[in-house]
file coords-v8.cif (mmCIF, C-alpha atoms)
data_protein
loop_
_atom_site.group_PDB
_atom_site.id
_atom_site.type_symbol
_atom_site.label_atom_id
_atom_site.label_comp_id
_atom_site.auth_asym_id
_atom_site.auth_seq_id
_atom_site.Cartn_x
_atom_site.Cartn_y
_atom_site.Cartn_z
ATOM 1 C CA MET Z 1 134.096 -252.394 94.204
ATOM 2 C CA LYS Z 2 130.474 -252.470 93.025
ATOM 3 C CA LEU Z 3 128.001 -249.764 92.117
ATOM 4 C CA THR Z 4 124.679 -249.782 93.909
ATOM 5 C CA GLU Z 5 121.376 -249.789 92.038
ATOM 6 C CA ASN Z 6 120.796 -246.112 92.875
ATOM 7 C CA PHE Z 7 124.242 -245.016 91.651
ATOM 8 C CA LYS Z 8 124.250 -241.418 90.400
ATOM 9 C CA LEU Z 9 127.005 -239.070 89.342
ATOM 10 C CA GLU Z 10 127.166 -235.501 88.046
ATOM 11 C CA ARG Z 11 130.226 -234.342 86.164
ATOM 12 C CA TYR Z 12 130.931 -231.667 83.531
ATOM 13 C CA GLY Z 13 127.251 -230.687 83.608
ATOM 14 C CA ILE Z 14 126.178 -234.217 82.695
ATOM 15 C CA HIS Z 15 124.187 -236.489 85.014
ATOM 16 C CA VAL Z 16 124.518 -240.243 84.842
ATOM 17 C CA ARG Z 17 122.651 -243.127 86.467
ATOM 18 C CA LEU Z 18 122.048 -246.822 85.833
ATOM 19 C CA VAL Z 19 119.250 -247.704 83.426
ATOM 20 C CA ASN Z 20 116.003 -249.293 84.546
ATOM 21 C CA GLU Z 21 112.970 -250.723 82.769
ATOM 22 C CA ASP Z 22 111.445 -247.264 82.365
ATOM 23 C CA ASP Z 23 114.332 -246.368 80.030
ATOM 24 C CA ALA Z 24 113.474 -249.116 77.536
ATOM 25 C CA GLY Z 25 111.622 -246.759 75.182
ATOM 26 C CA PHE Z 26 114.514 -244.293 75.046
ATOM 27 C CA ILE Z 27 117.041 -247.087 74.529
ATOM 28 C CA VAL Z 28 115.102 -248.607 71.642
ATOM 29 C CA LYS Z 29 114.501 -245.212 70.039
ATOM 30 C CA LEU Z 30 118.166 -244.268 70.231
ATOM 31 C CA ARG Z 31 119.621 -247.604 69.209
ATOM 32 C CA THR Z 32 117.354 -247.934 66.184
ATOM 33 C CA ASP Z 33 117.827 -244.316 65.004
ATOM 34 C CA PRO Z 34 118.818 -244.594 61.329
ATOM 35 C CA LYS Z 35 120.882 -241.387 61.602
ATOM 36 C CA LEU Z 36 123.256 -243.022 64.031
ATOM 37 C CA GLY Z 37 125.000 -245.092 61.434
ATOM 38 C CA ARG Z 38 125.946 -248.632 60.788
ATOM 39 C CA HIS Z 39 128.424 -249.185 63.597
ATOM 40 C CA ILE Z 40 125.761 -249.796 66.247
ATOM 41 C CA HIS Z 41 124.914 -253.423 66.889
ATOM 42 C CA TYR Z 42 121.429 -254.385 65.800
ATOM 43 C CA THR Z 43 118.662 -253.814 68.361
ATOM 44 C CA ASP Z 44 115.074 -255.057 68.010
ATOM 45 C CA ASN Z 45 112.620 -252.208 67.670
ATOM 46 C CA ASP Z 46 110.597 -253.729 70.511
ATOM 47 C CA THR Z 47 110.268 -251.996 73.874
ATOM 48 C CA GLU Z 48 108.937 -255.109 75.646
ATOM 49 C CA LYS Z 49 111.948 -257.152 74.524
ATOM 50 C CA GLN Z 50 114.198 -254.344 75.749
ATOM 51 C CA LYS Z 51 112.455 -254.392 79.146
ATOM 52 C CA GLU Z 52 113.048 -258.130 79.355
ATOM 53 C CA TRP Z 53 116.716 -257.574 78.459
ATOM 54 C CA ILE Z 54 116.977 -254.963 81.243
ATOM 55 C CA ARG Z 55 115.375 -257.360 83.775
ATOM 56 C CA ASN Z 56 118.069 -259.948 82.927
ATOM 57 C CA TYR Z 57 120.761 -257.257 82.971
ATOM 58 C CA LYS Z 58 119.726 -256.169 86.482
ATOM 59 C CA GLN Z 59 120.870 -259.544 87.799
ATOM 60 C CA ARG Z 60 124.314 -259.017 86.225
ATOM 61 C CA GLU Z 61 124.325 -255.492 87.685
ATOM 62 C CA LYS Z 62 123.688 -256.920 91.184
ATOM 63 C CA GLU Z 63 126.604 -259.312 90.680
ATOM 64 C CA GLY Z 64 128.862 -256.400 89.685
ATOM 65 C CA LYS Z 65 129.444 -257.822 86.187
ATOM 66 C CA ASP Z 66 127.593 -255.351 83.984
ATOM 67 C CA TYR Z 67 126.636 -251.683 84.285
ATOM 68 C CA TYR Z 68 124.450 -249.864 81.762
ATOM 69 C CA PHE Z 69 124.435 -246.080 82.053
ATOM 70 C CA ILE Z 70 122.060 -243.402 80.836
ATOM 71 C CA PHE Z 71 123.341 -239.822 80.534
ATOM 72 C CA TYR Z 72 121.306 -236.639 80.962
ATOM 73 C CA TYR Z 73 122.138 -233.167 79.692
ATOM 74 C CA ASP Z 74 119.814 -230.201 80.222
ATOM 75 C CA ASN Z 75 117.429 -232.601 81.997
ATOM 76 C CA GLU Z 76 117.028 -234.710 78.846
ATOM 77 C CA PRO Z 77 118.320 -238.244 78.295
ATOM 78 C CA VAL Z 78 121.038 -237.937 75.648
ATOM 79 C CA GLY Z 79 123.151 -241.062 75.617
ATOM 80 C CA LEU Z 80 123.973 -244.593 76.707
ATOM 81 C CA CYS Z 81 127.121 -246.561 77.486
ATOM 82 C CA ARG Z 82 127.981 -249.850 79.184
ATOM 83 C CA ILE Z 83 130.743 -251.299 81.281
ATOM 84 C CA TYR Z 84 130.494 -255.075 81.039
ATOM 85 C CA ASP Z 85 132.449 -258.294 81.489
ATOM 86 C CA VAL Z 86 133.826 -256.943 84.758
ATOM 87 C CA GLU Z 87 136.410 -259.466 85.920
ATOM 88 C CA GLY Z 88 139.328 -258.835 88.279
ATOM 89 C CA ASN Z 89 140.990 -255.583 87.234
ATOM 90 C CA TYR Z 90 139.453 -255.656 83.757
ATOM 91 C CA ALA Z 91 136.217 -254.703 82.063
ATOM 92 C CA THR Z 92 134.980 -253.669 78.652
ATOM 93 C CA SER Z 93 133.359 -250.356 77.813
ATOM 94 C CA GLY Z 94 131.058 -250.210 74.842
ATOM 95 C CA SER Z 95 127.540 -249.886 73.433
ATOM 96 C CA TRP Z 96 128.160 -246.144 73.334
ATOM 97 C CA VAL Z 97 125.507 -244.150 71.553
ATOM 98 C CA CYS Z 98 124.354 -240.542 71.880
ATOM 99 C CA LYS Z 99 121.606 -238.491 70.302
ATOM 100 C CA PRO Z 100 122.664 -236.691 67.139
ATOM 101 C CA ASP Z 101 122.843 -232.906 67.120
ATOM 102 C CA LEU Z 102 124.123 -232.521 70.673
ATOM 103 C CA PRO Z 103 126.808 -229.916 71.402
ATOM 104 C CA LEU Z 104 129.930 -231.677 70.201
ATOM 105 C CA ASP Z 105 131.609 -231.930 73.597
ATOM 106 C CA ILE Z 106 128.702 -233.741 75.285
ATOM 107 C CA PRO Z 107 129.069 -237.175 73.602
ATOM 108 C CA ILE Z 108 132.833 -237.089 74.112
ATOM 109 C CA LEU Z 109 132.322 -236.227 77.780
ATOM 110 C CA THR Z 110 129.997 -239.217 78.224
ATOM 111 C CA LEU Z 111 132.861 -241.430 77.034
ATOM 112 C CA ILE Z 112 135.241 -239.764 79.475
ATOM 113 C CA ILE Z 113 132.758 -240.148 82.346
ATOM 114 C CA THR Z 114 132.307 -243.849 81.538
ATOM 115 C CA ARG Z 115 136.067 -244.389 81.854
ATOM 116 C CA GLU Z 116 136.143 -242.312 85.047
ATOM 117 C CA ILE Z 117 133.482 -244.605 86.522
ATOM 118 C CA MET Z 118 135.451 -247.631 85.379
ATOM 119 C CA PHE Z 119 138.764 -246.505 86.822
ATOM 120 C CA ASP Z 120 137.753 -244.322 89.773
ATOM 121 C CA GLU Z 121 134.373 -245.598 91.027
ATOM 122 C CA LEU Z 122 134.893 -249.288 90.227
ATOM 123 C CA ALA Z 123 138.680 -249.085 90.832
ATOM 124 C CA LEU Z 124 139.431 -251.180 87.758
ATOM 125 C CA LEU Z 125 142.798 -250.885 86.021
ATOM 126 C CA TYR Z 126 142.154 -251.822 82.392
ATOM 127 C CA ASP Z 127 139.498 -251.384 79.728
ATOM 128 C CA ARG Z 128 139.674 -254.098 77.050
ATOM 129 C CA TYR Z 129 137.651 -253.746 73.881
ATOM 130 C CA ASP Z 130 137.683 -254.427 70.183
ATOM 131 C CA ILE Z 131 137.051 -252.174 67.193
ATOM 132 C CA ARG Z 132 136.253 -253.242 63.648
ATOM 133 C CA LYS Z 133 139.192 -252.425 61.354
ATOM 134 C CA GLN Z 134 136.830 -250.657 58.968
ATOM 135 C CA ASN Z 135 135.593 -248.330 61.736
ATOM 136 C CA THR Z 136 138.330 -245.781 61.161
ATOM 137 C CA LYS Z 137 136.857 -242.977 63.236
ATOM 138 C CA SER Z 138 136.545 -245.212 66.296
ATOM 139 C CA LEU Z 139 140.131 -246.294 65.731
ATOM 140 C CA ARG Z 140 141.226 -242.644 65.707
ATOM 141 C CA MET Z 141 139.188 -241.990 68.844
ATOM 142 C CA ASN Z 142 140.978 -244.928 70.426
ATOM 143 C CA ASP Z 143 144.302 -243.245 69.641
ATOM 144 C CA LEU Z 144 143.061 -240.064 71.304
ATOM 145 C CA PHE Z 145 142.065 -241.984 74.438
ATOM 146 C CA GLY Z 146 145.391 -243.819 74.630
ATOM 147 C CA GLY Z 147 144.387 -247.425 73.939
ATOM 148 C CA THR Z 148 147.152 -249.872 72.959
ATOM 149 C CA LYS Z 149 146.602 -252.632 70.413
ATOM 150 C CA ILE Z 150 147.210 -256.032 71.985
ATOM 151 C CA ARG Z 151 146.154 -258.326 69.132
ATOM 152 C CA GLU Z 152 144.210 -258.420 65.898
ATOM 153 C CA THR Z 153 142.157 -260.689 63.689
ATOM 154 C CA GLU Z 154 141.246 -260.272 60.043
ATOM 155 C CA LEU Z 155 138.265 -258.089 60.988
ATOM 156 C CA ASP Z 156 139.030 -256.569 64.375
ATOM 157 C CA ASN Z 157 141.701 -254.860 66.409
ATOM 158 C CA TYR Z 158 141.790 -255.621 70.151
ATOM 159 C CA PHE Z 159 142.867 -252.869 72.532
ATOM 160 C CA GLU Z 160 143.727 -252.316 76.155
ATOM 161 C CA LEU Z 161 143.443 -248.920 77.826
ATOM 162 C CA SER Z 162 145.107 -248.585 81.212
ATOM 163 C CA LYS Z 163 143.958 -246.212 83.923
ATOM 164 C CA ASP Z 164 147.284 -244.381 83.773
ATOM 165 C CA ALA Z 165 147.210 -243.944 79.985
ATOM 166 C CA PHE Z 166 143.615 -242.729 80.167
ATOM 167 C CA ASN Z 167 144.357 -240.151 82.848
ATOM 168 C CA ILE Z 168 147.137 -238.617 80.739
ATOM 169 C CA LYS Z 169 144.952 -238.431 77.636
ATOM 170 C CA LYS Z 170 141.901 -237.298 79.603
ATOM 171 C CA ASN Z 171 143.627 -234.098 80.656
ATOM 172 C CA TYR Z 172 144.478 -233.303 77.025
ATOM 173 C CA LEU Z 173 140.929 -234.066 75.862
ATOM 174 C CA LEU Z 174 139.384 -231.899 78.594
ATOM 175 C CA GLU Z 175 141.736 -229.069 77.652
ATOM 176 C CA LEU Z 176 140.753 -229.414 73.993
ATOM 177 C CA LEU Z 177 137.084 -229.328 74.932
ATOM 178 C CA SER Z 178 137.697 -226.303 77.188
ATOM 179 C CA VAL Z 179 136.131 -228.164 80.098
ATOM 180 C CA ASN Z 180 136.793 -226.948 83.619
ATOM 181 C CA ARG Z 181 137.627 -229.797 85.964
ATOM 182 C CA MET W 1 147.875 -220.265 56.170
ATOM 183 C CA GLU W 2 146.495 -221.456 52.905
ATOM 184 C CA LEU W 3 142.791 -222.128 52.368
ATOM 185 C CA ASN W 4 143.143 -225.145 50.090
ATOM 186 C CA LYS W 5 145.534 -226.843 52.510
ATOM 187 C CA PHE W 6 143.110 -226.186 55.376
ATOM 188 C CA ILE W 7 140.234 -227.693 53.384
ATOM 189 C CA GLU W 8 142.398 -230.735 52.648
ATOM 190 C CA ASP W 9 143.253 -231.098 56.349
ATOM 191 C CA PHE W 10 139.593 -230.635 57.252
ATOM 192 C CA ALA W 11 138.463 -233.258 54.731
ATOM 193 C CA LEU W 12 140.931 -235.797 56.127
ATOM 194 C CA GLN W 13 138.871 -235.932 59.328
ATOM 195 C CA PHE W 14 136.046 -237.552 57.341
ATOM 196 C CA ASP W 15 136.256 -240.939 55.700
ATOM 197 C CA GLU W 16 132.866 -241.472 54.072
ATOM 198 C CA THR W 17 132.182 -238.098 52.456
ATOM 199 C CA ASP W 18 133.244 -237.573 48.847
ATOM 200 C CA LEU W 19 136.134 -235.130 48.528
ATOM 201 C CA SER W 20 134.133 -233.077 46.028
ATOM 202 C CA GLU W 21 131.827 -232.081 48.912
ATOM 203 C CA PHE W 22 134.549 -230.062 50.609
ATOM 204 C CA LYS W 23 134.486 -226.501 49.341
ATOM 205 C CA PRO W 24 134.905 -223.145 51.099
ATOM 206 C CA GLU W 25 131.139 -222.656 51.070
ATOM 207 C CA THR W 26 130.317 -226.150 52.395
ATOM 208 C CA ARG W 27 128.093 -226.007 55.474
ATOM 209 C CA PHE W 28 130.082 -228.660 57.256
ATOM 210 C CA ARG W 29 127.658 -229.324 60.117
ATOM 211 C CA GLU W 30 125.047 -230.261 57.518
ATOM 212 C CA LEU W 31 127.223 -233.038 56.080
ATOM 213 C CA GLU W 32 125.701 -236.438 56.836
ATOM 214 C CA GLU W 33 128.948 -237.684 58.327
ATOM 215 C CA TRP W 34 129.345 -234.749 60.729
ATOM 216 C CA SER W 35 129.277 -235.887 64.365
ATOM 217 C CA SER W 36 130.835 -235.099 67.722
ATOM 218 C CA VAL W 37 133.638 -237.525 66.881
ATOM 219 C CA VAL W 38 134.442 -235.707 63.626
ATOM 220 C CA GLY W 39 134.157 -232.407 65.521
ATOM 221 C CA LEU W 40 136.719 -233.589 68.039
ATOM 222 C CA LEU W 41 139.008 -234.764 65.233
ATOM 223 C CA VAL W 42 138.745 -231.299 63.640
ATOM 224 C CA ILE W 43 139.677 -229.689 66.971
ATOM 225 C CA VAL W 44 142.661 -232.036 67.274
ATOM 226 C CA MET W 45 143.671 -231.271 63.677
ATOM 227 C CA ALA W 46 143.599 -227.503 64.370
ATOM 228 C CA ASP W 47 145.686 -228.027 67.497
ATOM 229 C CA GLU W 48 148.265 -230.301 65.893
ATOM 230 C CA LYS W 49 148.571 -228.665 62.466
ATOM 231 C CA TYR W 50 147.933 -225.003 63.257
ATOM 232 C CA ASN W 51 148.625 -224.773 66.985
ATOM 233 C CA VAL W 52 145.125 -223.326 67.450
ATOM 234 C CA ARG W 53 142.706 -224.384 70.190
ATOM 235 C CA LEU W 54 139.223 -224.327 68.695
ATOM 236 C CA ASN W 55 136.342 -224.470 71.147
ATOM 237 C CA ARG W 56 132.679 -225.406 70.965
ATOM 238 C CA ASP W 57 131.641 -221.813 70.196
ATOM 239 C CA HIS W 58 134.098 -221.557 67.306
ATOM 240 C CA ILE W 59 132.458 -224.611 65.753
ATOM 241 C CA ILE W 60 128.905 -223.496 66.528
ATOM 242 C CA ASN W 61 129.497 -220.002 65.160
ATOM 243 C CA SER W 62 131.071 -221.246 61.929
ATOM 244 C CA LYS W 63 128.594 -222.183 59.251
ATOM 245 C CA THR W 64 130.995 -222.967 56.421
ATOM 246 C CA ILE W 65 134.480 -224.401 56.109
ATOM 247 C CA PHE W 66 135.608 -220.919 55.079
ATOM 248 C CA ASP W 67 134.171 -219.469 58.325
ATOM 249 C CA LEU W 68 136.152 -222.010 60.303
ATOM 250 C CA TYR W 69 139.261 -221.317 58.249
ATOM 251 C CA LYS W 70 138.960 -217.605 59.118
ATOM 252 C CA VAL W 71 138.708 -218.474 62.832
ATOM 253 C CA VAL W 72 141.776 -220.707 62.663
ATOM 254 C CA GLU W 73 143.664 -218.116 60.616
ATOM 255 C CA SER W 74 142.769 -215.358 63.075
ATOM 256 C CA GLU W 75 143.760 -217.429 66.130
ATOM 257 C CA HIS W 76 146.919 -218.583 64.371
ATOM 258 C CA ASN W 77 147.888 -214.981 63.589
ATOM 259 C CA LYS W 78 147.254 -213.952 67.214
ATOM 260 C CA MET W 79 149.737 -216.620 68.289
ATOM 261 C CA ALA W 80 152.285 -215.285 65.816
ATOM 262 C CA VAL W 81 152.149 -211.714 67.211
#
call {"tool": "encode", "arguments": {"input": "coords-v8.cif", "output": "structure tokens"}}
result
Amino acid sequence: MKLTENFKLERYGIHVRLVNEDDAGFIVKLRTDPKLGRHIHYTDNDTEKQKEWIRNYKQREKEGKDYYFIFYYDNEPVGLCRIYDVEGNYATSGSWVCKPDLPLDIPILTLIITREIMFDELALLYDRYDIRKQNTKSLRMNDLFGGTKIRETELDNYFELSKDAFNIKKNYLLELLSVNR
Amino acid sequence: MELNKFIEDFALQFDETDLSEFKPETRFRELEEWSSVVGLLVIVMADEKYNVRLNRDHIINSKTIFDLYKVVESEHNKMAV
């Protein structure tokens, strides 16, 4: 299954849609925010370059290989996440970043929504991703979401999260966040 | 419940902040490392170690670690009744 260019979803009070060139300024601002730590991959502080990247991405989006989401809360853009390398029953979620100082459940919910899109809207079965071994908080988040380690290198652990494992953990996470489904 | 043990459990949810920063009067949401991820880990810690379900309002309404300890203690005692 593929998402169309005008894909939109509202869940848990959060709205999500696919990014377009008009979002380049927000993306650059968020991804170069020094408060957001050292675990974000480097992004050029250049809106025009970001627009060019989005133009190239839109081709991958049309092919159903790559989806880049922007999340809104209280009518403000608050976060970003991607589903990429879509192939067969697999894809990778990543490039997750949210504004600092949001209510603490909102960023976590954007992660849950991304997996819901992956497993329910795109009907994929597995999320495969890697986490740097030094990124201990992401590793603990992975435990909370139910990912299983499938291999490792000196620097990274590689995980697989199945739809079934996610759905079990999702219910616990939503309960913890006191979110009504 | 014991305050020092709670502070120790709370501090374990962080991995970049010096242990000396964690005191009863520490305004935890002002710590540089505080984030939604750490917040979720604190909620999980309260659930697993103290059988208490913290919510967003508990966190928002607590300024210091001691405030949060009192919430957890109060909820824990309610469960024990």
call {"tool": "resolve_selection", "arguments": {"input": "coords-v8.cif", "expression": "the PyMOL selection byres ((chain Z) within 12 of (chain W))", "output": "JSON, numbers by chain"}}
result
{"Z": [34, 35, 36, 37, 38, 97, 98, 99, 100, 101, 102, 103, 104, 105, 106, 107, 108, 109, 110, 111, 134, 135, 136, 137, 138, 139, 140, 141, 142, 143, 144, 145, 172, 173, 174, 175, 176, 177, 178, 179]}
call {"tool": "residues_around", "arguments": {"input": "coords-v8.cif", "residues": "Leu19 (chain W)", "least_positions_apart": "3", "cutoff": "12 Å", "atoms": "only C-alpha atoms", "output": "list in words"}}
result
Ile7, Glu8, Asp9, Phe10, Ala11, Leu12, Gln13, Phe14, Asp15, Glu16, Phe22, Lys23, Thr26 and Leu31 of chain W
call {"tool": "residues_around", "arguments": {"input": "coords-v8.cif", "residues": "Phe7 (chain Z)", "least_positions_apart": "5", "cutoff": "12 Å", "atoms": "only C-alpha atoms", "output": "ChimeraX atom specification"}}
result
/Z:2,15-20,61-62,67-70,117,121-122
call {"tool": "closest_residue", "arguments": {"input": "coords-v8.cif", "among": "W:His58, W:Thr64, W:Ala46, W:Arg27", "to": "His76 (chain W)", "atoms": "only C-alpha atoms"}}
result
W:Ala46
call {"tool": "closest_residue", "arguments": {"input": "coords-v8.cif", "among": "W:Leu68, W:Lys5, W:Glu30, W:Ser62", "to": "Thr17 (chain W)", "atoms": "all atoms listed in the file"}}
result
W:Glu30
call {"tool": "closest_residue", "arguments": {"input": "coords-v8.cif", "among": "W:Phe28, W:Met45, W:Lys78, W:Glu73", "to": "Asn61 (chain W)", "atoms": "all atoms listed in the file"}}
result
W:Phe28
call {"tool": "atom_distance", "arguments": {"input": "coords-v8.cif", "atom1": "CA of Gly25 (chain Z)", "atom2": "CA of Ile112 (chain Z)"}}
result
25.0 Å
call {"tool": "atom_distance", "arguments": {"input": "coords-v8.cif", "atom1": "CA of Glu116 (chain Z)", "atom2": "CA of Thr32 (chain Z)"}}
result
27.2 Å
call {"tool": "closest_residue", "arguments": {"input": "coords-v8.cif", "among": "Z:Thr114, Z:Thr4, Z:Thr148, Z:Asn75", "to": "Thr92 (chain Z)", "atoms": "all atoms listed in the file"}}
result
Z:Thr114
call {"tool": "atom_distance", "arguments": {"input": "coords-v8.cif", "atom1": "CA of Thr47 (chain Z)", "atom2": "CA of Val28 (chain Z)"}}
result
6.3 Å
call {"tool": "resolve_selection", "arguments": {"input": "coords-v8.cif", "expression": "the PyMOL selection byres ((chain W and resi 1) around 10)", "output": "PyMOL selection string"}}
result
chain W and resi 2-6+50+69-70+72-74+76-77
call {"tool": "residues_around", "arguments": {"input": "coords-v8.cif", "residues": "region 85-90 of chain Z", "least_positions_apart": "6", "cutoff": "9 Å", "atoms": "all atoms listed in the file", "output": "ChimeraX atom specification"}}
result
/Z:64-67,123-128
call {"tool": "residues_around", "arguments": {"input": "coords-v8.cif", "residues": "Ile131 (chain Z)", "least_positions_apart": "6", "cutoff": "7 Å", "atoms": "only C-alpha atoms", "output": "count of residues only"}}
result
4
call {"tool": "decode", "arguments": {"input": "coords-v8.cif", "residues": "region 79-106 of chain Z", "atoms": "N, CA and C atoms", "output": "PDB file, in the first residue's frame"}}
result
ATOM      1  N   GLY Z  79       6.916  18.536  15.212  1.00  0.00           N
ATOM      2  CA  GLY Z  79       7.864  17.441  15.088  1.00  0.00           C
ATOM      3  C   GLY Z  79       7.923  16.839  13.696  1.00  0.00           C
ATOM      4  N   LEU Z  80       8.922  15.989  13.512  1.00  0.00           N
ATOM      5  CA  LEU Z  80       9.188  15.351  12.223  1.00  0.00           C
ATOM      6  C   LEU Z  80       9.554  13.889  12.437  1.00  0.00           C
ATOM      7  N   CYS Z  81       9.211  13.052  11.488  1.00  0.00           N
ATOM      8  CA  CYS Z  81       9.676  11.655  11.520  1.00  0.00           C
ATOM      9  C   CYS Z  81       9.569  11.088  10.114  1.00  0.00           C
ATOM     10  N   ARG Z  82      10.387  10.087   9.821  1.00  0.00           N
ATOM     11  CA  ARG Z  82      10.373   9.484   8.479  1.00  0.00           C
ATOM     12  C   ARG Z  82      10.143   7.986   8.553  1.00  0.00           C
ATOM     13  N   ILE Z  83       9.542   7.486   7.499  1.00  0.00           N
ATOM     14  CA  ILE Z  83       9.527   6.046   7.221  1.00  0.00           C
ATOM     15  C   ILE Z  83      10.206   5.902   5.868  1.00  0.00           C
ATOM     16  N   TYR Z  84      11.338   5.202   5.829  1.00  0.00           N
ATOM     17  CA  TYR Z  84      12.089   5.140   4.576  1.00  0.00           C
ATOM     18  C   TYR Z  84      12.590   3.717   4.318  1.00  0.00           C
ATOM     19  N   ASP Z  85      13.226   3.564   3.167  1.00  0.00           N
ATOM     20  CA  ASP Z  85      13.666   2.225   2.733  1.00  0.00           C
ATOM     21  C   ASP Z  85      12.518   1.223   2.796  1.00  0.00           C
ATOM     22  N   VAL Z  86      11.367   1.632   2.291  1.00  0.00           N
ATOM     23  CA  VAL Z  86      10.215   0.715   2.265  1.00  0.00           C
ATOM     24  C   VAL Z  86      10.494  -0.351   1.211  1.00  0.00           C
ATOM     25  N   GLU Z  87      10.453  -1.598   1.633  1.00  0.00           N
ATOM     26  CA  GLU Z  87      10.777  -2.708   0.729  1.00  0.00           C
ATOM     27  C   GLU Z  87      10.054  -3.962   1.227  1.00  0.00           C
ATOM     28  N   GLY Z  88       9.159  -4.502   0.424  1.00  0.00           N
ATOM     29  CA  GLY Z  88       8.417  -5.690   0.856  1.00  0.00           C
ATOM     30  C   GLY Z  88       7.631  -5.382   2.111  1.00  0.00           C
ATOM     31  N   ASN Z  89       7.831  -6.210   3.141  1.00  0.00           N
ATOM     32  CA  ASN Z  89       7.125  -6.002   4.415  1.00  0.00           C
ATOM     33  C   ASN Z  89       7.905  -5.138   5.400  1.00  0.00           C
ATOM     34  N   TYR Z  90       9.041  -4.608   4.952  1.00  0.00           N
ATOM     35  CA  TYR Z  90       9.945  -3.902   5.861  1.00  0.00           C
ATOM     36  C   TYR Z  90      10.062  -2.415   5.530  1.00  0.00           C
ATOM     37  N   ALA Z  91      10.408  -1.654   6.543  1.00  0.00           N
ATOM     38  CA  ALA Z  91      10.809  -0.260   6.351  1.00  0.00           C
ATOM     39  C   ALA Z  91      11.619   0.145   7.569  1.00  0.00           C
ATOM     40  N   THR Z  92      12.120   1.362   7.522  1.00  0.00           N
ATOM     41  CA  THR Z  92      12.873   1.897   8.658  1.00  0.00           C
ATOM     42  C   THR Z  92      12.228   3.202   9.103  1.00  0.00           C
ATOM     43  N   SER Z  93      11.994   3.320  10.407  1.00  0.00           N
ATOM     44  CA  SER Z  93      11.524   4.609  10.923  1.00  0.00           C
ATOM     45  C   SER Z  93      12.730   5.335  11.512  1.00  0.00           C
ATOM     46  N   GLY Z  94      12.714   6.645  11.397  1.00  0.00           N
ATOM     47  CA  GLY Z  94      13.847   7.386  11.941  1.00  0.00           C
ATOM     48  C   GLY Z  94      13.728   8.863  11.681  1.00  0.00           C
ATOM     49  N   SER Z  95      14.849   9.570  11.863  1.00  0.00           N
ATOM     50  CA  SER Z  95      14.895  11.035  11.708  1.00  0.00           C
ATOM     51  C   SER Z  95      13.847  11.709  12.587  1.00  0.00           C
ATOM     52  N   TRP Z  96      13.613  11.119  13.752  1.00  0.00           N
ATOM     53  CA  TRP Z  96      12.604  11.654  14.669  1.00  0.00           C
ATOM     54  C   TRP Z  96      13.172  12.849  15.424  1.00  0.00           C
ATOM     55  N   VAL Z  97      12.452  13.927  15.386  1.00  0.00           N
ATOM     56  CA  VAL Z  97      12.859  15.099  16.169  1.00  0.00           C
ATOM     57  C   VAL Z  97      11.614  15.928  16.473  1.00  0.00           C
ATOM     58  N   CYS Z  98      11.530  16.409  17.711  1.00  0.00           N
ATOM     59  CA  CYS Z  98      10.397  17.237  18.126  1.00  0.00           C
ATOM     60  C   CYS Z  98      10.922  18.479  18.832  1.00  0.00           C
ATOM     61  N   LYS Z  99      10.098  19.521  18.806  1.00  0.00           N
ATOM     62  CA  LYS Z  99      10.462  20.748  19.511  1.00  0.00           C
ATOM     63  C   LYS Z  99      10.671  20.452  20.992  1.00  0.00           C
ATOM     64  N   PRO Z 100      11.620  21.127  21.617  1.00  0.00           N
ATOM     65  CA  PRO Z 100      11.754  20.965  23.068  1.00  0.00           C
ATOM     66  C   PRO Z 100      10.596  21.666  23.766  1.00  0.00           C
ATOM     67  N   ASP Z 101      10.391  21.319  25.002  1.00  0.00           N
ATOM     68  CA  ASP Z 101       9.394  21.991  25.848  1.00  0.00           C
ATOM     69  C   ASP Z 101       7.951  21.705  25.451  1.00  0.00           C
ATOM     70  N   LEU Z 102       7.709  20.635  24.728  1.00  0.00           N
ATOM     71  CA  LEU Z 102       6.329  20.212  24.485  1.00  0.00           C
ATOM     72  C   LEU Z 102       5.839  19.431  25.697  1.00  0.00           C
ATOM     73  N   PRO Z 103       4.503  19.322  25.892  1.00  0.00           N
ATOM     74  CA  PRO Z 103       4.016  18.392  26.906  1.00  0.00           C
ATOM     75  C   PRO Z 103       4.632  17.022  26.658  1.00  0.00           C
ATOM     76  N   LEU Z 104       5.033  16.340  27.729  1.00  0.00           N
ATOM     77  CA  LEU Z 104       5.917  15.182  27.518  1.00  0.00           C
ATOM     78  C   LEU Z 104       5.301  14.046  26.731  1.00  0.00           C
ATOM     79  N   ASP Z 105       3.963  13.961  26.697  1.00  0.00           N
ATOM     80  CA  ASP Z 105       3.357  12.863  25.939  1.00  0.00           C
ATOM     81  C   ASP Z 105       3.372  13.109  24.426  1.00  0.00           C
ATOM     82  N   ILE Z 106       3.448  14.351  24.000  1.00  0.00           N
ATOM     83  CA  ILE Z 106       3.301  14.655  22.568  1.00  0.00           C
ATOM     84  C   ILE Z 106       4.418  14.034  21.721  1.00  0.00           C
TER      85      ILE Z 106
END
